[in-house]
Each structure stands twice: as structure tokens, then as C-alpha cells.
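Pasted below: my_file_14.csv, CSV, C-alpha atoms and all ligand atoms.
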```csv
chain,number,residue,atom,x,y,z
F,237,MET,CA,2.3,-19.9,31.6
F,238,LYS,CA,3.9,-20.8,28.3
F,239,LYS,CA,7.1,-18.9,27.8
F,240,ASN,CA,7.5,-16.9,24.5
F,241,LEU,CA,10.5,-18.4,22.7
F,242,PHE,CA,11.7,-14.9,21.7
F,243,SER,CA,11.2,-13.2,25.1
F,244,GLY,CA,14.9,-13.7,26.0
F,245,PHE,CA,16.2,-14.3,22.5
F,246,LEU,CA,14.9,-11.2,20.7
F,247,PRO,CA,16.9,-8.6,22.8
F,248,LEU,CA,20.0,-10.7,22.2
F,249,VAL,CA,19.4,-10.8,18.4
F,250,LEU,CA,18.8,-7.0,18.4
F,251,ALA,CA,22.0,-6.4,20.3
F,252,LEU,CA,24.0,-8.5,17.9
F,253,MET,CA,22.5,-7.0,14.8
F,254,PRO,CA,24.9,-4.6,12.9
F,255,ALA,CA,23.3,-1.6,14.7
F,256,ALA,CA,21.8,-0.5,11.5
F,257,CYS,CA,19.0,1.9,11.0
F,258,GLY,CA,18.4,0.2,7.6
F,259,PRO,CA,20.2,0.3,4.3
F,260,SER,CA,21.0,3.6,2.6
F,261,THR,CA,17.9,3.2,0.5
F,262,ASP,CA,15.6,3.7,3.6
F,263,ALA,CA,12.1,4.5,2.5
F,264,ASN,CA,12.0,7.4,4.9
F,265,ARG,CA,15.2,8.9,3.7
F,266,PHE,CA,14.6,11.5,1.0
F,267,LYS,CA,16.4,10.9,-2.3
F,268,PRO,CA,19.3,13.2,-3.2
F,269,ARG,CA,18.0,16.5,-4.5
F,270,TYR,CA,19.7,18.9,-6.9
F,271,LEU,CA,19.5,22.3,-5.2
F,272,PHE,CA,19.8,24.8,-8.0
F,273,PRO,CA,19.1,23.5,-11.5
F,274,ASP,CA,19.4,27.1,-13.0
F,275,ASP,CA,23.2,27.2,-12.8
F,276,TYR,CA,26.3,25.2,-12.1
F,277,MET,CA,27.5,25.4,-8.4
F,278,ALA,CA,29.9,23.1,-6.6
F,279,ASP,CA,31.7,22.5,-3.3
F,280,PRO,CA,28.7,23.4,-1.1
F,281,ALA,CA,29.6,24.5,2.4
F,282,ALA,CA,26.4,24.3,4.5
F,283,ARG,CA,26.1,26.3,7.7
F,284,VAL,CA,23.3,27.1,10.0
F,285,PHE,CA,23.0,30.8,11.0
F,286,ASN,CA,20.0,32.4,12.9
F,287,GLY,CA,17.9,29.3,12.4
F,288,ARG,CA,18.3,29.2,8.6
F,289,LEU,CA,20.4,27.0,6.5
F,290,TYR,CA,22.9,28.8,4.2
F,291,VAL,CA,24.9,27.2,1.4
F,292,TYR,CA,28.2,28.7,0.2
F,293,PRO,CA,29.3,27.0,-3.1
F,294,SER,CA,31.8,27.7,-5.8
F,295,HIS,CA,30.3,29.0,-9.0
F,296,ASP,CA,31.3,26.9,-12.0
F,297,ARG,CA,31.4,28.4,-15.5
F,298,ASP,CA,32.3,27.2,-19.0
F,299,THR,CA,35.6,28.8,-20.1
F,300,ASP,CA,38.7,27.9,-22.0
F,301,GLY,CA,40.4,27.5,-18.6
F,302,TYR,CA,42.6,29.6,-16.4
F,303,LEU,CA,45.2,31.2,-18.6
F,304,GLY,CA,44.0,28.9,-21.4
F,305,ILE,CA,45.1,25.8,-19.5
F,306,LYS,CA,42.5,23.0,-19.3
F,307,ASP,CA,44.2,20.6,-17.0
F,308,ASN,CA,45.9,20.8,-13.6
F,309,GLY,CA,42.7,22.4,-12.5
F,310,GLY,CA,42.8,25.3,-15.0
F,311,GLU,CA,39.3,24.4,-16.2
F,312,TYR,CA,38.0,25.4,-12.8
F,313,ASP,CA,38.2,29.1,-13.6
F,314,MET,CA,35.6,30.8,-11.4
F,315,VAL,CA,35.1,34.5,-10.9
F,316,ASP,CA,32.5,35.0,-8.2
F,317,TYR,CA,30.5,33.5,-5.3
F,318,HIS,CA,26.7,33.3,-4.7
F,319,VAL,CA,25.0,32.5,-1.4
F,320,PHE,CA,21.9,30.3,-1.1
F,321,SER,CA,19.5,29.7,1.8
F,322,LEU,CA,16.6,27.4,2.6
F,323,ASP,CA,14.3,26.4,5.5
F,324,ASP,CA,13.1,23.0,4.3
F,325,VAL,CA,16.1,21.0,3.0
F,326,ALA,CA,14.1,18.1,1.5
F,327,HIS,CA,11.5,20.0,-0.4
F,328,GLY,CA,11.7,23.8,0.3
F,329,GLU,CA,12.4,26.7,-2.0
F,330,VAL,CA,16.1,27.6,-2.4
F,331,THR,CA,16.8,31.3,-2.3
F,332,ASP,CA,19.7,32.6,-4.4
F,333,HIS,CA,21.1,35.8,-2.8
F,334,GLY,CA,23.1,36.6,-5.9
F,335,VAL,CA,26.7,37.5,-6.2
F,336,VAL,CA,28.2,38.3,-2.8
F,337,LEU,CA,31.9,38.5,-3.7
F,338,ALA,CA,33.6,38.9,-7.1
F,339,LEU,CA,37.1,38.4,-8.3
F,340,SER,CA,37.3,42.0,-9.6
F,341,ASP,CA,36.8,43.2,-6.0
F,342,ILE,CA,39.7,41.2,-4.4
F,343,PRO,CA,42.8,43.4,-4.7
F,344,TRP,CA,45.3,40.5,-4.5
F,345,ALA,CA,43.5,37.7,-6.4
F,346,HIS,CA,44.3,36.9,-10.0
F,347,GLY,CA,41.9,34.0,-10.7
F,348,GLN,CA,40.2,30.7,-9.7
F,349,LEU,CA,37.9,31.3,-6.8
F,350,TRP,CA,37.6,27.8,-5.5
F,351,ASP,CA,35.7,26.2,-2.6
F,352,ASN,CA,34.9,28.6,0.3
F,353,ASP,CA,33.5,28.4,3.8
F,354,VAL,CA,31.9,30.9,6.2
F,355,ALA,CA,32.2,31.2,10.0
F,356,HIS,CA,30.4,33.4,12.4
F,357,LYS,CA,31.8,35.3,15.4
F,358,ASP,CA,30.5,38.2,17.4
F,359,GLY,CA,27.9,39.3,14.9
F,360,ARG,CA,30.2,39.2,11.9
F,361,TYR,CA,30.5,36.6,9.1
F,362,TYR,CA,33.9,35.6,7.7
F,363,MET,CA,34.2,34.0,4.3
F,364,TYR,CA,37.5,32.1,3.7
F,365,PHE,CA,38.3,31.5,0.1
F,366,PRO,CA,41.3,30.3,-2.0
F,367,ALA,CA,42.4,32.2,-5.2
F,368,LYS,CA,45.6,32.4,-7.2
F,369,ASP,CA,47.8,35.4,-6.7
F,370,PRO,CA,49.5,37.1,-9.6
F,371,ASP,CA,52.3,34.5,-9.5
F,372,GLY,CA,49.8,31.6,-9.9
F,373,ILE,CA,50.2,30.5,-6.3
F,374,PHE,CA,47.0,29.7,-4.3
F,375,ARG,CA,46.5,31.7,-1.2
F,376,ILE,CA,43.6,31.9,1.2
F,377,GLY,CA,41.7,35.2,1.7
F,378,VAL,CA,39.1,36.5,4.1
F,379,ALA,CA,36.0,38.7,3.3
F,380,ILE,CA,33.7,40.0,6.0
F,381,ALA,CA,29.9,40.6,6.1
F,382,ASP,CA,27.4,41.8,8.7
F,383,ARG,CA,24.8,39.2,7.5
F,384,PRO,CA,25.2,35.5,6.4
F,385,GLU,CA,23.8,36.4,3.0
F,386,GLY,CA,26.5,39.0,2.4
F,387,PRO,CA,27.8,41.0,0.6
F,388,PHE,CA,31.3,40.1,1.7
F,389,VAL,CA,34.1,42.7,1.7
F,390,PRO,CA,37.5,41.3,1.1
F,391,GLN,CA,40.7,42.1,3.0
F,392,ALA,CA,43.4,43.8,0.9
F,393,GLU,CA,45.9,40.9,1.3
F,394,PRO,CA,45.6,37.1,1.7
F,395,MET,CA,46.2,35.5,5.1
F,396,HIS,CA,49.9,35.5,6.0
F,397,GLY,CA,51.4,32.1,5.5
F,398,SER,CA,48.4,30.7,3.8
F,399,TYR,CA,48.6,28.3,0.9
F,400,SER,CA,46.8,25.7,-1.2
F,401,ILE,CA,42.9,25.4,-1.2
F,402,ASP,CA,39.7,24.3,0.4
F,403,PRO,CA,39.5,26.1,3.7
F,404,CYS,CA,37.0,24.6,6.3
F,405,VAL,CA,36.6,26.6,9.5
F,406,PHE,CA,35.4,24.7,12.5
F,407,GLU,CA,34.4,26.3,15.9
F,408,ASP,CA,35.1,24.3,19.1
F,409,ASN,CA,34.6,25.6,22.6
F,410,GLY,CA,35.1,29.2,21.4
F,411,SER,CA,38.2,28.5,19.3
F,412,TYR,CA,38.2,28.5,15.5
F,413,TYR,CA,40.4,26.1,13.5
F,414,MET,CA,41.0,26.1,9.7
F,415,TYR,CA,41.6,22.9,7.9
F,416,PHE,CA,42.9,23.3,4.3
F,417,GLY,CA,44.8,21.7,1.5
F,418,GLY,CA,44.3,20.0,-1.8
F,419,LEU,CA,46.6,18.0,-4.2
F,420,TRP,CA,47.5,18.4,-7.8
F,421,GLY,CA,45.8,21.6,-9.1
F,422,GLY,CA,45.5,22.6,-5.4
F,423,GLN,CA,49.3,22.6,-5.1
F,424,LEU,CA,49.6,21.0,-1.7
F,425,GLN,CA,52.3,18.6,-3.0
F,426,LEU,CA,54.5,21.6,-3.6
F,427,TYR,CA,54.9,22.2,0.1
F,428,ASN,CA,57.4,20.7,2.5
F,429,GLY,CA,55.8,21.4,5.8
F,430,ASN,CA,54.8,25.1,5.3
F,431,THR,CA,57.7,25.8,2.8
F,432,TYR,CA,56.9,26.2,-0.9
F,433,GLU,CA,59.3,24.0,-3.0
F,434,TYR,CA,58.2,24.3,-6.6
F,435,ALA,CA,59.2,21.5,-8.9
F,436,PRO,CA,57.7,21.3,-12.4
F,437,GLU,CA,57.4,17.5,-12.2
F,438,ARG,CA,55.2,17.9,-9.1
F,439,MET,CA,52.6,19.8,-11.3
F,440,ASN,CA,52.0,17.2,-13.9
F,441,MET,CA,50.9,13.6,-13.7
F,442,PRO,CA,51.9,11.6,-11.7
F,443,TYR,CA,53.0,14.7,-9.5
F,444,VAL,CA,53.5,12.5,-6.4
F,445,THR,CA,55.4,9.2,-5.7
F,446,ALA,CA,53.5,6.2,-4.3
F,447,GLY,CA,55.3,6.0,-0.9
F,448,GLU,CA,54.8,9.6,0.2
F,449,THR,CA,52.3,10.8,2.7
F,450,ILE,CA,50.7,14.2,2.0
F,451,SER,CA,48.5,15.5,4.8
F,452,PRO,CA,45.9,18.2,5.1
F,453,ARG,CA,46.7,21.1,7.3
F,454,ILE,CA,45.2,22.7,10.4
F,455,ALA,CA,45.8,26.0,12.1
F,456,LYS,CA,44.0,27.8,14.9
F,457,LEU,CA,42.7,31.2,13.9
F,458,SER,CA,43.6,34.5,15.6
F,459,GLY,CA,41.0,36.2,17.8
F,460,ASP,CA,40.1,38.7,15.0
F,461,MET,CA,39.6,35.7,12.6
F,462,LEU,CA,41.9,37.3,10.0
F,463,GLN,CA,45.1,35.3,10.4
F,464,PHE,CA,46.6,32.0,11.6
F,465,ALA,CA,47.4,32.1,15.3
F,466,GLU,CA,50.0,29.4,14.9
F,467,SER,CA,52.0,27.7,12.1
F,468,PRO,CA,49.8,25.2,10.2
F,469,ARG,CA,50.3,21.6,11.3
F,470,GLU,CA,49.9,18.4,9.4
F,471,VAL,CA,46.7,16.4,10.2
F,472,GLN,CA,47.5,12.7,10.6
F,473,LEU,CA,45.1,10.3,8.9
F,474,LEU,CA,45.8,6.7,10.0
F,475,ASP,CA,44.6,3.3,9.2
F,476,SER,CA,43.3,0.9,11.9
F,477,ASN,CA,47.0,-0.2,12.6
F,478,GLY,CA,48.1,3.4,13.2
F,479,ARG,CA,49.9,3.6,9.9
F,480,PRO,CA,49.6,6.9,7.9
F,481,PHE,CA,48.1,6.5,4.4
F,482,THR,CA,50.4,7.0,1.5
F,483,GLN,CA,49.7,8.0,-2.1
F,484,ALA,CA,49.5,4.2,-2.9
F,485,ASP,CA,46.3,4.0,-0.8
F,486,LYS,CA,44.4,5.7,-3.6
F,487,ASP,CA,40.9,5.0,-2.3
F,488,LYS,CA,41.6,6.2,1.3
F,489,ARG,CA,44.2,8.8,1.2
F,490,PHE,CA,43.4,12.6,1.5
F,491,PHE,CA,43.1,14.5,-1.8
F,492,GLU,CA,41.1,17.7,-1.0
F,493,ALA,CA,37.8,19.0,0.5
F,494,SER,CA,38.5,18.9,4.3
F,495,TRP,CA,35.4,19.1,6.5
F,496,MET,CA,35.1,18.8,10.2
F,497,HIS,CA,32.0,18.1,12.3
F,498,LYS,CA,31.4,16.8,15.8
F,499,TYR,CA,29.0,14.0,16.8
F,500,LYS,CA,28.5,12.8,20.3
F,501,GLY,CA,31.8,14.3,21.5
F,502,LYS,CA,33.9,12.8,18.6
F,503,TYR,CA,35.6,14.7,15.9
F,504,TYR,CA,34.8,13.6,12.3
F,505,PHE,CA,37.3,14.6,9.7
F,506,SER,CA,35.9,13.9,6.2
F,507,TYR,CA,37.5,14.5,2.8
F,508,SER,CA,37.6,13.7,-0.9
F,509,THR,CA,39.8,11.0,-2.2
F,510,GLY,CA,40.1,12.8,-5.6
F,511,ASP,CA,40.8,10.2,-8.3
F,512,ALA,CA,38.8,7.6,-6.4
F,513,HIS,CA,35.8,10.1,-6.6
F,514,THR,CA,34.5,9.3,-3.1
F,515,ILE,CA,34.1,11.0,0.3
F,516,CYS,CA,35.6,9.2,3.3
F,517,TYR,CA,36.0,9.9,7.0
F,518,ALA,CA,38.2,9.4,9.9
F,519,VAL,CA,37.5,10.0,13.6
F,520,GLY,CA,39.6,11.5,16.4
F,521,ASP,CA,39.3,12.8,20.0
F,522,ASN,CA,40.3,16.5,19.4
F,523,PRO,CA,40.4,19.0,16.5
F,524,TYR,CA,44.1,18.3,15.7
F,525,GLY,CA,43.8,14.5,15.5
F,526,PRO,CA,45.2,12.1,14.8
F,527,PHE,CA,42.1,10.7,13.0
F,528,THR,CA,41.6,7.0,12.4
F,529,TYR,CA,39.9,6.0,9.1
F,530,GLN,CA,36.4,4.6,9.4
F,531,GLY,CA,35.1,4.2,5.9
F,532,VAL,CA,33.2,5.7,2.9
F,533,ILE,CA,30.4,8.2,3.3
F,534,LEU,CA,29.7,8.7,-0.4
F,535,THR,CA,30.5,6.2,-3.0
F,536,GLU,CA,31.8,7.1,-6.5
F,537,VAL,CA,30.0,10.1,-8.1
F,538,SER,CA,29.5,11.0,-11.7
F,539,SER,CA,32.3,13.6,-11.9
F,540,TRP,CA,36.0,13.7,-11.3
F,541,THR,CA,35.6,15.8,-8.2
F,542,THR,CA,33.2,15.7,-5.4
F,543,HIS,CA,33.2,18.0,-2.4
F,544,HIS,CA,30.9,18.0,0.5
F,545,SER,CA,29.8,19.4,3.9
F,546,ILE,CA,27.9,17.8,6.8
F,547,VAL,CA,25.6,19.7,9.0
F,548,GLU,CA,22.8,19.1,11.5
F,549,PHE,CA,19.7,21.2,10.9
F,550,ASN,CA,16.4,21.0,12.9
F,551,GLY,CA,17.5,17.6,14.3
F,552,THR,CA,18.4,15.9,11.0
F,553,TRP,CA,21.9,15.4,9.6
F,554,TYR,CA,22.6,16.2,5.9
F,555,LEU,CA,25.3,15.6,3.4
F,556,PHE,CA,25.7,18.4,0.8
F,557,TYR,CA,27.9,17.5,-2.2
F,558,HIS,CA,28.2,17.8,-5.9
F,559,ASP,CA,28.4,15.8,-9.1
F,560,ALA,CA,28.3,16.5,-12.8
F,561,GLY,CA,25.0,14.7,-13.6
F,562,PRO,CA,23.0,17.6,-15.1
F,563,SER,CA,25.9,18.7,-17.3
F,564,GLY,CA,26.2,15.2,-18.7
F,565,GLY,CA,29.5,14.6,-17.0
F,566,LYS,CA,31.5,17.8,-17.7
F,567,ASN,CA,33.9,17.9,-14.8
F,568,HIS,CA,34.0,21.6,-14.5
F,569,LEU,CA,30.2,22.1,-14.7
F,570,ARG,CA,29.0,20.6,-11.5
F,571,SER,CA,25.7,20.8,-9.6
F,572,MET,CA,25.1,20.8,-5.8
F,573,LYS,CA,23.0,18.1,-4.2
F,574,VAL,CA,21.8,17.2,-0.7
F,575,THR,CA,20.6,14.1,1.0
F,576,GLU,CA,20.1,12.8,4.5
F,577,LEU,CA,23.0,11.4,6.4
F,578,LYS,CA,22.4,8.7,9.0
F,579,TYR,CA,24.6,7.3,11.8
F,580,LEU,CA,24.5,3.7,13.0
F,581,ARG,CA,24.3,3.0,16.7
F,582,ASP,CA,28.1,2.7,17.0
F,583,GLY,CA,28.6,6.2,15.6
F,584,SER,CA,29.6,5.1,12.2
F,585,ILE,CA,28.0,6.8,9.1
F,586,GLN,CA,25.8,4.9,6.8
F,587,GLU,CA,27.2,4.7,3.3
F,588,ILE,CA,25.4,6.8,0.6
F,589,ASP,CA,25.2,5.8,-3.0
F,590,GLY,CA,27.0,8.5,-5.1
F,591,LYS,CA,25.1,7.5,-8.2
F,592,GLU,CA,21.7,7.7,-6.6
X,1,LIG,O1,35.9,23.8,-7.3
X,1,LIG,C1,37.3,23.8,-7.5
X,1,LIG,C2,37.9,22.7,-6.7
X,1,LIG,O2,37.4,21.5,-7.2
X,1,LIG,C3,37.6,22.6,-5.3
X,1,LIG,O3,38.3,23.6,-4.5
X,1,LIG,C4,38.0,21.2,-5.0
X,1,LIG,O4,37.7,20.8,-3.8
X,1,LIG,C5,37.3,20.5,-6.1
X,1,LIG,O5,35.9,20.3,-5.9
```
For the file at hand, write its structure as C-alpha cells.
Ligand code: FUB
Amino acid sequence: MKKNLFSGFLPLVLALMPAACGPSTDANRFKPRYLFPDDYMADPAARVFNGRLYVYPSHDRDTDGYLGIKDNGGEYDMVDYHVFSLDDVAHGEVTDHGVVLALSDIPWAHGQLWDNDVAHKDGRYYMYFPAKDPDGIFRIGVAIADRPEGPFVPQAEPMHGSYSIDPCVFEDNGSYYMYFGGLWGGQLQLYNGNTYEYAPERMNMPYVTAGETISPRIAKLSGDMLQFAESPREVQLLDSNGRPFTQADKDKRFFEASWMHKYKGKYYFSYSTGDAHTICYAVGDNPYGPFTYQGVILTEVSSWTTHHSIVEFNGTWYLFYHDAGPSGGKNHLRSMKVTELKYLRDGSIQEIDGKE
């Protein structure tokens, strides 16, 4: 019998192919979708609770800026949070559950309700959010609800020893970890370890020097979910030679928007590069890291910031993020979006076009 030329060759070709499921423009991958055209929402933290997908964004608004300041993040002057939920991510109706926490209800907070995240433990839902205290210093607070859609009741004080912005809470084998931190307006560059060292030149451009490494932070949470159970530690992000990124590595170094998810036993730490306007990721073997840089998840978007979350829902992985497309590029009026996220066979993430 004549032997098919490809019978031995085809499996070899397939094995050598770059393990791709196709380009990021896969016909069967749904195009990015704006989730809520009626208002400006950013920093979407997507979580699955009770079989439904909930989204916890920041609520952008057009103002003259925090205390009249329109740089250093002052233009992101938000005063409340909404919760959204949906069943069908690609096409389904998005329910707005309305205002679930307002600045006026938080005894210690003075302004700027930035990115939040929500975790579930023992029938209660804990919202973690940054806000400025009366001295203009970012702290992280906790608010509690009996249902994922809130309303959330804030604690009287921020978490002891908390600072900077962008909390992401990740559960692993019954323990909860908070990742946090953000540069420039997010104030992380003002901390030496966990000690606040204010310097006016660290508030305005260039606010950092090229050779320094500034790392996101991680701390395990206490059993009651209300405090850190340990002093925050620095999360190491390394290149493939084991070298930590410095501020000179503009398109790879951490800026803000920590997110952690687990895939096939590996820990994926993803983050925004800030002035490179992309989302990147690094992979490690445990929640504390170190994490080795792998690449870009989302290429440059149409806004100064982008901020994301990654979640699996009904067997499909999604990237939630924001850009300023609908506001015509106003950086403080952003809109949340979602698209599908795909892994290649080697566990790497297929790059998504931020302008799509
Ligand atoms: O929404 C305010 C801030 O902008 C967030 O906390 C940052 O991550 C950036 O998206």
C-alpha cells in the first residue's frame, strides 16, 4: 500500500508549530464589547459568585479634579461605586445594581474612590477599595455585604498599615492575599519598604529615577478579612535572566493594576505598565513570587490608563479592561470592555489588540 507522505510528517509539523490556537483575530473569538454605554466606568474587577458574573468598577465622572488638581491623578475624582452583573458575557444584558458604596458613607475617606475588588468568605462579601484620607494619603478600606450586589457597609477606619492603591484579593487554598500598589498619583514611589517618605519631587514628573526598582506589594489577610496578617512584602518581577525590572524598562515594569489568577497550577501576575498603556504578565510558582515576565496580554489602548481583570466563567476565560474610546480619548472618562482571553498550548497568553 502506498504510504501517505504526511502520515509521519504531519504530527511532527503540528508538534513544531507555535502551539497557537490561531491569531488574536480568531473568527470564533467575540470582538471586544463595551459593557455599559450609559455611563463611564473603569478598572473592572470581574468575579464569579453563585454562578453569576459580577463586575466591580470605578465610577468615573467629569470634574475639575480632586481639590482642583488636574494632574498627578487628581482628575480621577470618584465618589461612589456601582456593581454590575451578567450571565452571558458575549451578548447578554448587563444589570446595573446601582450605587453600593458612597464616599459620604465612609467615615475616614476624603476623596478619590479608585479601583476596588471583592472577595467572598463564609457567606460574606468584602469590598477592598483605596481612598485618600484627610491628609491626602491613599489608604485601603474594607466594606462588607451579605450579597455580591451589595450594598456594602464600610469599616470605620482603613486597614492598619495599608497604603497606595489598586487592591486585588486572591484566594488560594483557603488563604487570601492582597496585591496592591500604583505609581505616581498612586503614591507607591513615596514608600521605602512600608515606610512613608514624602518628597515633593517624587510627586511630579519624572517622580522616579531610571535605575530604581519599585515593586507591587503582597500581604496575606487576617482570618476575619479586615486586616493584614503580616507586613506587606515586595513582589519581585524578573526578566528571563532573573534581573528585576527598573524604571528604565518602561514597557515591562510594574506601574499599577495588580491582578492574580491561577491557570494549570501556575500563578499569573498581570499588571499595567502605565505610560506604555499596556497590560503585561509574569508567571510564578506560588502567590508570593518571584514572577518571571512572559509578555503582553493587551497592546496599547486609547487612554492613558488601562486596568483589567482575568476570570474564567462557564469554561471560557475573559479579559475585562477599559479604554477611553467612547469619550473620545478623555483619560478620566473611561469605559469598561470585555473580550475572550486564550492560552496557547504552552500556557502563554495570546496577545489581544488594545485598539480592536
Ligand atoms: O481609576 C483610578 C485609577 O486609574 C486606578 O486605580 C488605576 O489603576 C488607574 O486605572
Using CA of Ser340 in chain F and CA of Val319 in chain F as the two end points, give the distance in Å to one decimal.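 One can read the CA of Ser340 in chain F to CA of Val319 in chain F distance as 17.6 Å.
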Can you pull out the residues contacting range 348-358 of chain F? Cut-off 6 Å, using all atoms listed in the file, and skip same-chain residues under 6 positions away; I want them as a list in words.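 Selected residues are Asp279, Ala281, Ser294, Asp313, Met314, Val315, Tyr364, Phe365, Pro366, Ala367, Asp402 and Cys404 of chain F.
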Given all atoms listed in the file as the counted atoms, nearest of F:Tyr317, F:Trp540, F:Phe464, F:Tyr529 to Leu569 in chain F: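 That would be F:Trp540, the residue with the smallest distance to Leu569 in chain F.
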Quote the spacing between CA of Tyr413 in chain F and CA of Leu337 in chain F in Å to one decimal place.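 About the pair CA of Tyr413 in chain F and CA of Leu337 in chain F: they are 22.8 Å apart.
Distance annotation: of F:Met441, F:Val325, F:Ile546, F:Leu419, the residue with the minimal separation from ligand LIG 1 (chain X) is F:Leu419; atom set is all atoms listed in the file.
For the atom pair formed by CA of Arg489 in chain F and CA of Tyr399 in chain F, the distance is 20.0 Å, given to one decimal.
Nearest to ligand LIG 1 (chain X) of all the residues F:Gly525, F:Gly287, F:Pro394, F:Pro280 is F:Pro280, based on only C-alpha atoms and all ligand atoms.
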Here's a test: counting all atoms listed in the file, identify every protein, DNA and RNA residue with an atom at most 10 Å from (43.1, 36.8, -6.8) in the file's coordinate frame, and state them as a PDB file with C-alpha atoms, keeping the file's coordinate frame.
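The result, written out as point-v8.pdb:
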```
ATOM      1  CA  VAL F 315      35.100  34.500 -10.900  1.00  0.00           C
ATOM      2  CA  ALA F 338      33.600  38.900  -7.100  1.00  0.00           C
ATOM      3  CA  LEU F 339      37.100  38.400  -8.300  1.00  0.00           C
ATOM      4  CA  SER F 340      37.300  42.000  -9.600  1.00  0.00           C
ATOM      5  CA  ASP F 341      36.800  43.200  -6.000  1.00  0.00           C
ATOM      6  CA  ILE F 342      39.700  41.200  -4.400  1.00  0.00           C
ATOM      7  CA  PRO F 343      42.800  43.400  -4.700  1.00  0.00           C
ATOM      8  CA  TRP F 344      45.300  40.500  -4.500  1.00  0.00           C
ATOM      9  CA  ALA F 345      43.500  37.700  -6.400  1.00  0.00           C
ATOM     10  CA  HIS F 346      44.300  36.900 -10.000  1.00  0.00           C
ATOM     11  CA  GLY F 347      41.900  34.000 -10.700  1.00  0.00           C
ATOM     12  CA  GLN F 348      40.200  30.700  -9.700  1.00  0.00           C
ATOM     13  CA  LEU F 349      37.900  31.300  -6.800  1.00  0.00           C
ATOM     14  CA  PHE F 365      38.300  31.500   0.100  1.00  0.00           C
ATOM     15  CA  PRO F 366      41.300  30.300  -2.000  1.00  0.00           C
ATOM     16  CA  ALA F 367      42.400  32.200  -5.200  1.00  0.00           C
ATOM     17  CA  LYS F 368      45.600  32.400  -7.200  1.00  0.00           C
ATOM     18  CA  ASP F 369      47.800  35.400  -6.700  1.00  0.00           C
ATOM     19  CA  PRO F 370      49.500  37.100  -9.600  1.00  0.00           C
ATOM     20  CA  ASP F 371      52.300  34.500  -9.500  1.00  0.00           C
ATOM     21  CA  GLY F 372      49.800  31.600  -9.900  1.00  0.00           C
ATOM     22  CA  ILE F 373      50.200  30.500  -6.300  1.00  0.00           C
ATOM     23  CA  PHE F 374      47.000  29.700  -4.300  1.00  0.00           C
ATOM     24  CA  ARG F 375      46.500  31.700  -1.200  1.00  0.00           C
ATOM     25  CA  ILE F 376      43.600  31.900   1.200  1.00  0.00           C
ATOM     26  CA  GLY F 377      41.700  35.200   1.700  1.00  0.00           C
ATOM     27  CA  GLU F 393      45.900  40.900   1.300  1.00  0.00           C
ATOM     28  CA  PRO F 394      45.600  37.100   1.700  1.00  0.00           C
TER      29      PRO F 394
END
```
Exercise: Val574 in chain F partners within 7 Å, all atoms listed in the file, chain neighbours under 2 positions left out, as a compact mmCIF listing (two decimals) with C-alpha atoms, in the coordinates of the input:
```txt
# COMPACT_ATOMS: atom_id res chain seq x y z
CA PRO F 268 19.30 13.20 -3.20
CA ARG F 269 18.00 16.50 -4.50
CA TYR F 270 19.70 18.90 -6.90
CA TYR F 554 22.60 16.20 5.90
CA LEU F 555 25.30 15.60 3.40
CA PHE F 556 25.70 18.40 0.80
CA TYR F 557 27.90 17.50 -2.20
```
Find the residues near Ser571 in chain F: any atom within 9 Å, counting all atoms listed in the file, skip ones fewer than 2 places away on the same chain, and give them as a list in words.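 The neighbour list is Tyr270, Leu271, Phe272, Pro273, Asp275, Tyr276, Met277, Ala278, Asp279, Asp296, Tyr557, His558, Asp559, Ala560, Gly561, Pro562, Ser563, Leu569 and Lys573 of chain F.
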May I ask which of the residues F:Asn522, F:Gln483, F:Ser545, F:Thr431 is the closest one to ligand LIG 1 (chain X), counting all atoms listed in the file?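 When distances to ligand LIG 1 (chain X) are compared using all atoms listed in the file, the smallest one comes from F:Ser545.
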Near Ser458 in chain F, counting all atoms listed in the file, which residues have an atom at most 12 Å away, once you skip same-chain residues fewer than 6 positions from it, shown as a PyMOL selection string? chain F and resi 357+395-396+410-414+464-467
Skipping near chain neighbours, those fewer than 5 positions away, what residues fall within 10 Å of range 505-513 of chain F using all atoms listed in the file, listed as number ranges by chain? F: 415, 418-420, 452, 471, 473, 485-498, 518-520, 523-546, 559, 590
Nearest to Asp298 in chain F among F:Asn286, F:Glu385, F:Met461, F:Tyr312, with distances taken over all atoms listed in the file: which residue is it?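 For Asp298 in chain F, the nearest of the candidates is F:Tyr312.
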Closest to Thr575 in chain F among F:Ala326, F:Pro436, F:Tyr361, F:Thr299, using only C-alpha atoms?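 Among F:Ala326, F:Pro436, F:Tyr361, F:Thr299, it is F:Ala326 that comes nearest to Thr575 in chain F.
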